[in-house]
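Trainee: Please find one structure pasted underneath; my questions will follow.
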Amino acid sequence: MSLSTAPFKAARPATVLAMCVLLAAVASLVLFCFDPRQYHFYPVCFFHKATGLLCPGCGALRGFHELLHGQLAAAFRLNPMLVVSLPFLLWFGVRYGLQAARNQPSSPALRPAWLWLILTAVLVVSVLRNLPGTPFALLRP
């Protein structure tokens, strides 16, 4: 049997899940050991670089570094959206993992109204963190 005719097997969901967990663990270890403020091999925000404005994700990498070191208040100061969204993302990840482990079809089970609410919150925070003034400075990294 030649390589070109060998059938390819589809990856099992449990294998994909295990590889994603492993990749997340390695990325977290790198982020734990190397502070984004001191090491410059991390990706830059192209939106901020091009426009000078802060995107919803600006400060998230530094915030996640602070979270890995147990500094919840510092992480919240750098990116409040990250800290607020983590419990929900964890819940979705655990739910997806359990569905994959049980070989059940995965479904996001999010109503469109929730998606619109999330999108609206991200857009509102994005606009507010770019406005001048003292109250809006709390949303900037």
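Note on naming: chains are A, B, ... as they come in the structure tokens, residues start from 1 per chain, ligands start from 1 in the order shown.
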Can you list every residue in stretch 9-134 of chain A that DSSP puts in helix (DSSP H, G or I), as a count of residues only?
Mentor: 83
Trainee: Which residues are near stretch 95-105 of chain A? Cut-off 10 Å, only C-alpha atoms, ignore same chain within fewer than 2 positions. Put them as a PyMOL selection string.
Mentor: chain A and resi 12-18+21+89-93+107-108
Trainee: Store the residues of this selection in a file with all heavy atoms, as a compact mmCIF listing (two decimals), in the first residue's frame.
Mentor:
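Saved as out.txt:
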```txt
# COMPACT_ATOMS: atom_id res chain seq x y z
N ARG A 12 -9.93 11.46 16.74
CA ARG A 12 -11.00 11.29 17.73
C ARG A 12 -11.12 12.57 18.55
O ARG A 12 -10.12 13.23 18.84
CB ARG A 12 -10.67 10.11 18.63
CG ARG A 12 -10.70 8.79 17.87
CD ARG A 12 -10.42 7.61 18.75
NE ARG A 12 -11.32 7.62 19.90
CZ ARG A 12 -10.99 7.13 21.08
NH1 ARG A 12 -9.80 6.61 21.28
NH2 ARG A 12 -11.84 7.15 22.07
N PRO A 13 -12.33 12.93 18.96
CA PRO A 13 -12.50 14.15 19.77
C PRO A 13 -11.68 14.13 21.05
O PRO A 13 -11.17 15.16 21.46
CB PRO A 13 -14.00 14.16 20.07
CG PRO A 13 -14.62 13.36 18.99
CD PRO A 13 -13.60 12.32 18.61
N ALA A 14 -11.53 12.97 21.68
CA ALA A 14 -10.74 12.90 22.91
C ALA A 14 -9.27 13.21 22.64
O ALA A 14 -8.60 13.85 23.45
CB ALA A 14 -10.90 11.53 23.55
N THR A 15 -8.78 12.77 21.48
CA THR A 15 -7.39 13.05 21.11
C THR A 15 -7.20 14.54 20.85
O THR A 15 -6.21 15.14 21.30
CB THR A 15 -7.00 12.24 19.86
OG1 THR A 15 -7.26 10.86 20.10
CG2 THR A 15 -5.54 12.44 19.51
N VAL A 16 -8.14 15.14 20.15
CA VAL A 16 -8.07 16.57 19.88
C VAL A 16 -8.13 17.36 21.19
O VAL A 16 -7.37 18.30 21.40
CB VAL A 16 -9.22 17.00 18.94
CG1 VAL A 16 -9.27 18.50 18.79
CG2 VAL A 16 -9.05 16.34 17.58
N LEU A 17 -9.01 16.95 22.08
CA LEU A 17 -9.13 17.61 23.38
C LEU A 17 -7.83 17.49 24.17
O LEU A 17 -7.35 18.47 24.74
CB LEU A 17 -10.29 17.02 24.17
CG LEU A 17 -10.52 17.59 25.55
CD1 LEU A 17 -10.91 19.06 25.46
CD2 LEU A 17 -11.57 16.80 26.28
N ALA A 18 -7.24 16.30 24.18
CA ALA A 18 -5.99 16.10 24.92
C ALA A 18 -4.87 16.96 24.33
O ALA A 18 -4.08 17.54 25.08
CB ALA A 18 -5.60 14.63 24.89
N VAL A 21 -5.46 20.59 25.42
CA VAL A 21 -5.09 20.77 26.83
C VAL A 21 -3.57 20.82 26.97
O VAL A 21 -3.03 21.66 27.71
CB VAL A 21 -5.72 19.66 27.70
CG1 VAL A 21 -5.12 19.65 29.09
CG2 VAL A 21 -7.23 19.82 27.75
N LEU A 89 -15.70 30.96 30.07
CA LEU A 89 -14.89 30.17 29.15
C LEU A 89 -14.50 28.83 29.77
O LEU A 89 -14.48 27.80 29.08
CB LEU A 89 -13.64 30.96 28.75
CG LEU A 89 -13.89 32.20 27.91
CD1 LEU A 89 -12.59 32.98 27.71
CD2 LEU A 89 -14.51 31.84 26.58
N LEU A 90 -14.22 28.82 31.05
CA LEU A 90 -13.90 27.57 31.75
C LEU A 90 -15.10 26.64 31.74
O LEU A 90 -14.96 25.44 31.48
CB LEU A 90 -13.45 27.87 33.18
CG LEU A 90 -13.04 26.67 34.02
CD1 LEU A 90 -11.80 26.03 33.45
CD2 LEU A 90 -12.80 27.09 35.45
N TRP A 91 -16.28 27.18 31.98
CA TRP A 91 -17.50 26.38 31.97
C TRP A 91 -17.72 25.77 30.58
O TRP A 91 -18.00 24.58 30.46
CB TRP A 91 -18.70 27.23 32.38
CG TRP A 91 -19.98 26.47 32.35
CD1 TRP A 91 -20.42 25.54 33.26
CD2 TRP A 91 -21.01 26.56 31.37
NE1 TRP A 91 -21.64 25.05 32.89
CE2 TRP A 91 -22.04 25.66 31.73
CE3 TRP A 91 -21.15 27.32 30.21
CZ2 TRP A 91 -23.19 25.50 30.98
CZ3 TRP A 91 -22.31 27.16 29.45
CH2 TRP A 91 -23.30 26.25 29.84
N PHE A 92 -17.55 26.58 29.53
CA PHE A 92 -17.72 26.06 28.17
C PHE A 92 -16.67 25.00 27.86
O PHE A 92 -16.97 23.99 27.22
CB PHE A 92 -17.65 27.17 27.13
CG PHE A 92 -18.92 27.93 26.98
CD1 PHE A 92 -18.96 29.29 27.24
CD2 PHE A 92 -20.08 27.31 26.58
CE1 PHE A 92 -20.13 30.00 27.10
CE2 PHE A 92 -21.26 28.01 26.44
CZ PHE A 92 -21.29 29.36 26.70
N GLY A 93 -15.44 25.21 28.29
CA GLY A 93 -14.38 24.23 28.04
C GLY A 93 -14.64 22.91 28.74
O GLY A 93 -14.46 21.84 28.14
N SER A 107 -22.37 20.92 21.29
CA SER A 107 -23.21 22.03 20.85
C SER A 107 -22.93 23.22 21.76
O SER A 107 -22.81 23.07 22.97
CB SER A 107 -24.68 21.65 20.90
OG SER A 107 -25.06 21.38 22.24
N PRO A 108 -22.83 24.40 21.18
CA PRO A 108 -22.55 25.57 22.02
C PRO A 108 -23.70 25.92 22.96
O PRO A 108 -23.48 26.46 24.02
CB PRO A 108 -22.29 26.69 21.02
CG PRO A 108 -22.87 26.22 19.74
CD PRO A 108 -22.92 24.73 19.78
```
Trainee: Using only C-alpha atoms, which of the listed residues (A:Leu78, A:Ala73, A:Cys55, A:Val30) sits closest to A:Pro141?
Mentor: A:Leu78
Trainee: How many Å separate atom CA of A:Leu128 from atom CA of A:Phe46?
Mentor: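 Between atom CA of A:Leu128 and atom CA of A:Phe46 the gap is 19.6 Å.
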Trainee: Please measure the separation of atom CA of A:Leu68 and atom CA of A:Leu29, giving the value in Å to one decimal.
Mentor: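 So the answer is 8.9 Å.
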Trainee: From the options A:Leu139, A:Ser85, A:Leu131, A:Cys45, which residue's atoms come nearest to A:Ile118, counting only C-alpha atoms?
Mentor: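 Answer, going by the shortest atom-to-atom distance: A:Ser85.
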Trainee: List as a ChimeraX atom specification the protein and nucleic acid residues near A:Phe41, meaning an atom at most 12 Å away when only C-alpha atoms are counted, but skip any in the same chain fewer than 5 places from it.
Mentor: /A:30-31,34-36
Trainee: Just write the chosen residues, all heavy atoms, as a short mmCIF file (atom, residue, chain, number, x, y, z; two decimals), in the first residue's frame.
Mentor:
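Listing of selection.cif after writing:
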```
data_model
loop_
_atom_site.label_atom_id
_atom_site.label_comp_id
_atom_site.auth_asym_id
_atom_site.auth_seq_id
_atom_site.Cartn_x
_atom_site.Cartn_y
_atom_site.Cartn_z
N VAL A 30 4.96 28.75 29.48
CA VAL A 30 5.81 29.78 28.88
C VAL A 30 5.41 31.15 29.39
O VAL A 30 6.26 31.96 29.78
CB VAL A 30 5.74 29.71 27.34
CG1 VAL A 30 6.39 30.93 26.70
CG2 VAL A 30 6.40 28.44 26.82
N LEU A 31 4.10 31.41 29.43
CA LEU A 31 3.62 32.70 29.90
C LEU A 31 3.91 32.90 31.39
O LEU A 31 4.19 34.01 31.83
CB LEU A 31 2.12 32.83 29.63
CG LEU A 31 1.50 34.20 29.88
CD1 LEU A 31 2.21 35.29 29.08
CD2 LEU A 31 0.03 34.17 29.54
N PHE A 34 7.89 33.64 31.51
CA PHE A 34 8.42 34.79 30.78
C PHE A 34 7.39 35.92 30.77
O PHE A 34 6.38 35.85 30.08
CB PHE A 34 8.79 34.39 29.35
CG PHE A 34 9.83 33.31 29.28
CD1 PHE A 34 9.46 32.00 29.03
CD2 PHE A 34 11.17 33.60 29.49
CE1 PHE A 34 10.41 31.00 28.97
CE2 PHE A 34 12.13 32.60 29.43
CZ PHE A 34 11.75 31.30 29.18
N ASP A 35 7.68 36.96 31.52
CA ASP A 35 6.79 38.12 31.65
C ASP A 35 6.72 38.86 30.31
O ASP A 35 7.75 39.23 29.75
CB ASP A 35 7.31 39.05 32.74
CG ASP A 35 6.37 40.18 33.06
OD1 ASP A 35 5.35 40.35 32.36
OD2 ASP A 35 6.65 40.91 34.03
N PRO A 36 5.51 39.12 29.78
CA PRO A 36 5.40 39.83 28.50
C PRO A 36 5.96 41.25 28.54
O PRO A 36 6.28 41.82 27.51
CB PRO A 36 3.88 39.87 28.25
CG PRO A 36 3.33 38.78 29.07
CD PRO A 36 4.22 38.63 30.25
#
```
Trainee: Please, what distance in Å, to one decimal, runs between atom CA of A:Leu123 and atom CA of A:Pro56?
Mentor: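 For atom CA of A:Leu123 relative to atom CA of A:Pro56, the distance reads 7.8 Å.
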Trainee: From the set A:Phe32, A:Gly52, A:Trp116, A:Cys58, which residue has the shortest atom-to-atom contact distance to A:Gly70, counting only C-alpha atoms?
Mentor: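 Going through A:Phe32, A:Gly52, A:Trp116, A:Cys58 one by one, the smallest distance to A:Gly70 is for A:Phe32.
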